[in-house]
Amino acid sequence: SEEDGELILNRIAVGNHILVGGDNIDFTLAYAVSKHFTEKGIRLDTSQMLSLVYNCKIAKEKMLNDPDSESEQIVILGRGRGVVGGALKTELKRSEVENIIIDGFFPITNIDDMPKKKVSGFKELGLHYESDTAITKHLAKFLKIHAKKLELEDKSFIHPTGVLFNGGVTKSVIIRERIIDVLNRWVSAENGEEVKVITGDNPDLAVSMGASFYGLAKRGRGIRIRGGTSRAYYVGIETAMPAIPGMPTPIKALCVVPFGMEEGTDVEIRGQEFGLVIGEHATFRFLSSVVRKDDKAGTIVEYWEEDEIEELAPLETTITAEGIEGGTVIPVRLHSFVTEIGTLQLWCESVDGKYRWKLEFNLREEEEE
């Protein structure tokens, strides 16, 4: 777009970090190759499996980057004293690599095929790994979910006009070709134009070059892509209602950072007061949304659809104040500040102006996931 005669680039959507990529492919290849040894009656221990994963990674990269390579030898150390003589050998063929990667991670799907979710009652705390490895399904979900907010005419999803591949597994020609093939199938089904591939520089230097360009843009020597926060952020407000045995108290989502809020800016939640518990260990629930782009600071969301708002890692702490008894609920007003380093400072100021507390959340970690 244009603003005061200058070109302005605006980011309109950012996808979730699905944590599916090279590592998943390497482990899948290693699992497939381990069957070669199992068929010979050889059972690999943990250290040998780790070595197998690494060797499969090297073999995969060689074959994907060299179209003339039809197979690569896999060698891992055996157990016992005769290390060299006891080495275990097998072969990884190009057909195995392509079938596992292309059909397992980049299958041809329809635009309406969404990622499948497997929900377990118990799971380890940590990163939110996706259970569905079909990256093309996650791509379809991204294009469809953001199309709803853009109100596109005669389109069920956002039609990409160009794609810039930025390294990682997309260094491989066959992977890039499969992604473009799938996108063009979706677009052509709605009579759209063919997707173009944008040529970039060395992918290995892309992040460092981008950081340098960002620094120049901040000094007015380049075009800065405006976008601010790639999500809207919320805090959970416990609903005031009678306790019901076996039923958790529902929460409302209070928007404290609207979508696109620029780093280095702040916003005050005006006209609303909330109760802050003093002197007791409390959990502050934190949520985000990549699709609710119209919520303003202070908007309270009582109900939301699945995948519309997701809960993030909570903050657990004890708020203290001299002279205030534990368990006291103090009425406060909220003030949000997004710092230049990507953290959210949520200031809670007592209505009488005597006290001020700060809660801090790391936004950048969430946006990189």
# chains A, B, ... in the order shown; residues from 1 in each chain; ligands from 1
call {"tool": "residues_around", "arguments": {"residues": "Arg224 (chain A)", "least_positions_apart": "3", "cutoff": "7 Å", "atoms": "only C-alpha atoms", "output": "list in words"}}
result
Leu9, Tyr214 and Ala217 of chain A
call {"tool": "write_last_selection", "arguments": {"atoms": "N, CA and C atoms", "output": "PDB file, in the first residue's frame"}}
result
ATOM      1  N   LEU A   9       4.698  -1.889   3.329  1.00  0.00           N
ATOM      2  CA  LEU A   9       4.386  -3.317   3.306  1.00  0.00           C
ATOM      3  C   LEU A   9       3.771  -3.701   4.642  1.00  0.00           C
ATOM      4  N   TYR A 214      16.712  -4.965   8.795  1.00  0.00           N
ATOM      5  CA  TYR A 214      15.775  -4.409   9.779  1.00  0.00           C
ATOM      6  C   TYR A 214      16.416  -3.226  10.505  1.00  0.00           C
ATOM      7  N   ALA A 217      16.346  -0.331   8.202  1.00  0.00           N
ATOM      8  CA  ALA A 217      14.983   0.184   8.053  1.00  0.00           C
ATOM      9  C   ALA A 217      14.574   1.017   9.263  1.00  0.00           C
TER      10      ALA A 217
END
call {"tool": "residues_around", "arguments": {"residues": "region 50-65 of chain A", "least_positions_apart": "4", "cutoff": "9 Å", "atoms": "only C-alpha atoms", "output": "number ranges by chain"}}
result
A: 22-23, 25-31, 33-34, 45-46, 69-77, 92-94, 97-98, 171-175
call {"tool": "write_last_selection", "arguments": {"atoms": "C-alpha atoms", "output": "compact mmCIF listing (two decimals), in the first residue's frame"}}
result
# COMPACT_ATOMS: atom_id res chain seq x y z
CA GLY A 22 14.06 -31.85 9.23
CA ASP A 23 14.31 -33.58 12.61
CA ILE A 25 12.23 -36.57 8.62
CA ASP A 26 15.59 -37.76 9.99
CA PHE A 27 13.96 -39.81 12.75
CA THR A 28 11.47 -41.29 10.28
CA LEU A 29 14.26 -42.31 7.91
CA ALA A 30 16.24 -43.81 10.80
CA TYR A 31 13.20 -45.81 11.91
CA VAL A 33 16.46 -48.03 8.01
CA SER A 34 16.54 -49.72 11.43
CA ASP A 45 20.81 -49.72 21.24
CA THR A 46 20.17 -46.05 22.04
CA SER A 69 22.92 -40.06 -6.26
CA GLU A 70 20.66 -43.12 -6.20
CA SER A 71 21.79 -44.48 -2.82
CA GLU A 72 24.09 -43.78 0.10
CA GLN A 73 25.82 -46.23 2.41
CA ILE A 74 24.92 -46.08 6.10
CA VAL A 75 27.63 -47.19 8.54
CA ILE A 76 27.30 -47.24 12.33
CA LEU A 77 29.63 -48.65 14.97
CA LEU A 92 19.54 -45.98 2.02
CA LYS A 93 18.01 -45.68 -1.43
CA ARG A 94 16.74 -42.53 -3.09
CA VAL A 97 13.98 -41.06 0.90
CA GLU A 98 11.58 -39.59 -1.64
CA LYS A 171 16.55 -26.47 -0.02
CA SER A 172 15.53 -29.69 -1.77
CA VAL A 173 14.23 -29.24 -5.32
CA ILE A 174 11.75 -32.12 -5.05
CA ILE A 175 10.22 -30.65 -1.88
call {"tool": "atom_distance", "arguments": {"atom1": "CA of Lys354 (chain A)", "atom2": "CA of Glu325 (chain A)"}}
result
15.3 Å
call {"tool": "residues_around", "arguments": {"residues": "His36 (chain A)", "least_positions_apart": "3", "cutoff": "10 Å", "atoms": "only C-alpha atoms", "output": "mmCIF file with N, CA and C atoms, in the first residue's frame"}}
result
data_model
loop_
_atom_site.group_PDB
_atom_site.id
_atom_site.type_symbol
_atom_site.label_atom_id
_atom_site.label_comp_id
_atom_site.auth_asym_id
_atom_site.auth_seq_id
_atom_site.Cartn_x
_atom_site.Cartn_y
_atom_site.Cartn_z
ATOM 1 N N TYR A 31 14.112 -44.732 11.513
ATOM 2 C CA TYR A 31 13.203 -45.813 11.906
ATOM 3 C C TYR A 31 13.032 -46.808 10.755
ATOM 4 N N ALA A 32 12.910 -46.279 9.533
ATOM 5 C CA ALA A 32 12.758 -47.156 8.366
ATOM 6 C C ALA A 32 14.022 -47.977 8.124
ATOM 7 N N VAL A 33 15.191 -47.336 8.254
ATOM 8 C CA VAL A 33 16.460 -48.034 8.013
ATOM 9 C C VAL A 33 16.736 -49.059 9.109
ATOM 10 N N GLU A 39 15.673 -57.069 10.378
ATOM 11 C CA GLU A 39 15.469 -58.244 9.517
ATOM 12 C C GLU A 39 16.661 -59.194 9.565
ATOM 13 N N LYS A 40 17.833 -58.662 9.947
ATOM 14 C CA LYS A 40 19.038 -59.496 10.065
ATOM 15 C C LYS A 40 19.247 -59.981 11.496
ATOM 16 N N GLY A 41 18.276 -59.695 12.364
ATOM 17 C CA GLY A 41 18.386 -60.129 13.753
ATOM 18 C C GLY A 41 19.239 -59.220 14.609
ATOM 19 N N ILE A 42 19.496 -57.993 14.139
ATOM 20 C CA ILE A 42 20.331 -57.043 14.882
ATOM 21 C C ILE A 42 19.432 -55.996 15.534
ATOM 22 N N LYS A 89 26.558 -52.104 8.475
ATOM 23 C CA LYS A 89 26.380 -51.380 7.219
ATOM 24 C C LYS A 89 25.045 -51.730 6.575
ATOM 25 N N THR A 90 24.475 -50.728 5.925
ATOM 26 C CA THR A 90 23.280 -50.939 5.106
ATOM 27 C C THR A 90 23.229 -49.823 4.074
ATOM 28 N N GLU A 91 22.162 -49.772 3.325
ATOM 29 C CA GLU A 91 22.059 -48.798 2.241
ATOM 30 C C GLU A 91 20.716 -48.082 2.306
ATOM 31 N N LEU A 92 20.763 -46.786 2.096
ATOM 32 C CA LEU A 92 19.542 -45.985 2.025
ATOM 33 C C LEU A 92 19.354 -45.554 0.576
#
call {"tool": "atom_distance", "arguments": {"atom1": "CA of Arg292 (chain A)", "atom2": "CA of Asn184 (chain A)"}}
result
27.9 Å
call {"tool": "atom_distance", "arguments": {"atom1": "CA of Phe284 (chain A)", "atom2": "CA of Lys358 (chain A)"}}
result
12.2 Å
call {"tool": "select_by_dssp", "arguments": {"residues": "region 137-321 of chain A", "states": "alpha helix (DSSP H)", "output": "CSV table (one decimal) with C-alpha atoms, in the first residue's frame"}}
result
chain,number,residue,atom,x,y,z
A,137,LYS,CA,-2.5,-30.0,5.6
A,138,HIS,CA,-1.1,-27.4,7.9
A,139,LEU,CA,-0.6,-25.1,4.9
A,140,ALA,CA,-4.2,-25.6,3.9
A,141,LYS,CA,-5.4,-24.7,7.4
A,142,PHE,CA,-3.3,-21.5,7.4
A,143,LEU,CA,-4.7,-20.4,4.1
A,144,LYS,CA,-8.3,-21.2,5.0
A,145,ILE,CA,-8.4,-19.8,8.5
A,146,HIS,CA,-7.1,-16.4,7.6
A,147,ALA,CA,-9.3,-16.2,4.5
A,148,LYS,CA,-12.4,-16.0,6.9
A,149,LYS,CA,-11.2,-12.7,8.3
A,150,LEU,CA,-10.2,-11.2,4.9
A,173,VAL,CA,14.2,-29.2,-5.3
A,174,ILE,CA,11.7,-32.1,-5.0
A,175,ILE,CA,10.2,-30.6,-1.9
A,176,ARG,CA,9.9,-27.2,-3.4
A,177,GLU,CA,8.3,-28.7,-6.5
A,178,ARG,CA,5.8,-30.7,-4.5
A,179,ILE,CA,4.7,-27.7,-2.4
A,180,ILE,CA,4.2,-25.6,-5.6
A,181,ASP,CA,2.4,-28.5,-7.3
A,182,VAL,CA,0.0,-28.8,-4.3
A,183,LEU,CA,-0.6,-25.0,-4.2
A,184,ASN,CA,-1.3,-24.8,-7.9
A,185,ARG,CA,-3.8,-27.7,-7.7
A,186,TRP,CA,-5.7,-25.8,-5.0
A,187,VAL,CA,-5.6,-22.5,-6.8
A,188,SER,CA,-6.5,-23.9,-10.2
A,189,ALA,CA,-9.6,-25.6,-8.7
A,206,ALA,CA,18.7,-15.1,5.3
A,207,VAL,CA,18.2,-14.5,9.0
A,208,SER,CA,21.4,-12.5,9.5
A,209,MET,CA,20.7,-10.4,6.3
A,210,GLY,CA,17.2,-9.8,7.5
A,211,ALA,CA,18.4,-8.6,10.9
A,212,SER,CA,20.8,-6.2,9.2
A,213,PHE,CA,18.1,-4.9,6.8
A,214,TYR,CA,15.8,-4.4,9.8
A,215,GLY,CA,18.4,-2.3,11.5
A,216,LEU,CA,18.8,-0.1,8.4
A,217,ALA,CA,15.0,0.2,8.1
A,218,LYS,CA,14.7,1.4,11.7
call {"tool": "closest_residue", "arguments": {"among": "A:Tyr303, A:Trp347, A:Phe106, A:Tyr355", "to": "Val267 (chain A)", "atoms": "only C-alpha atoms"}}
result
A:Trp347
call {"tool": "residues_around", "arguments": {"residues": "Pro203 (chain A)", "least_positions_apart": "5", "cutoff": "9 Å", "atoms": "only C-alpha atoms", "output": "list in words"}}
result
Phe165, Asn166, Gly167, Gly168 and Lys171 of chain A
call {"tool": "write_last_selection", "arguments": {"atoms": "C-alpha atoms", "output": "tab-separated table (two decimals), in the first residue's frame"}}
result
chain	number	residue	atom	x	y	z
A	165	PHE	CA	11.49	-20.62	0.11
A	166	ASN	CA	13.87	-19.82	2.92
A	167	GLY	CA	16.08	-22.84	3.48
A	168	GLY	CA	15.64	-25.80	5.78
A	171	LYS	CA	16.55	-26.47	-0.02
call {"tool": "residues_around", "arguments": {"residues": "Ile330 (chain A)", "least_positions_apart": "2", "cutoff": "12 Å", "atoms": "only C-alpha atoms", "output": "list in words"}}
result
Glu273, Phe274, Gly275, Leu276, Val277, Ile278, Gly279, Ile319, Thr320, Ala321, Ile324, Glu325, Gly326, Gly327, Thr328, Val332, Arg333, Cys348, Glu349, Ser350, Val351, Asp352, Gly353, Lys354, Tyr355, Arg356 and Trp357 of chain A
call {"tool": "closest_residue", "arguments": {"among": "A:Ile18, A:Val235, A:Leu312, A:Ala87", "to": "Leu359 (chain A)", "atoms": "only C-alpha atoms"}}
result
A:Val235
call {"tool": "closest_residue", "arguments": {"among": "A:Phe337, A:Tyr234, A:Phe259, A:Phe286", "to": "Ala313 (chain A)", "atoms": "only C-alpha atoms"}}
result
A:Phe286
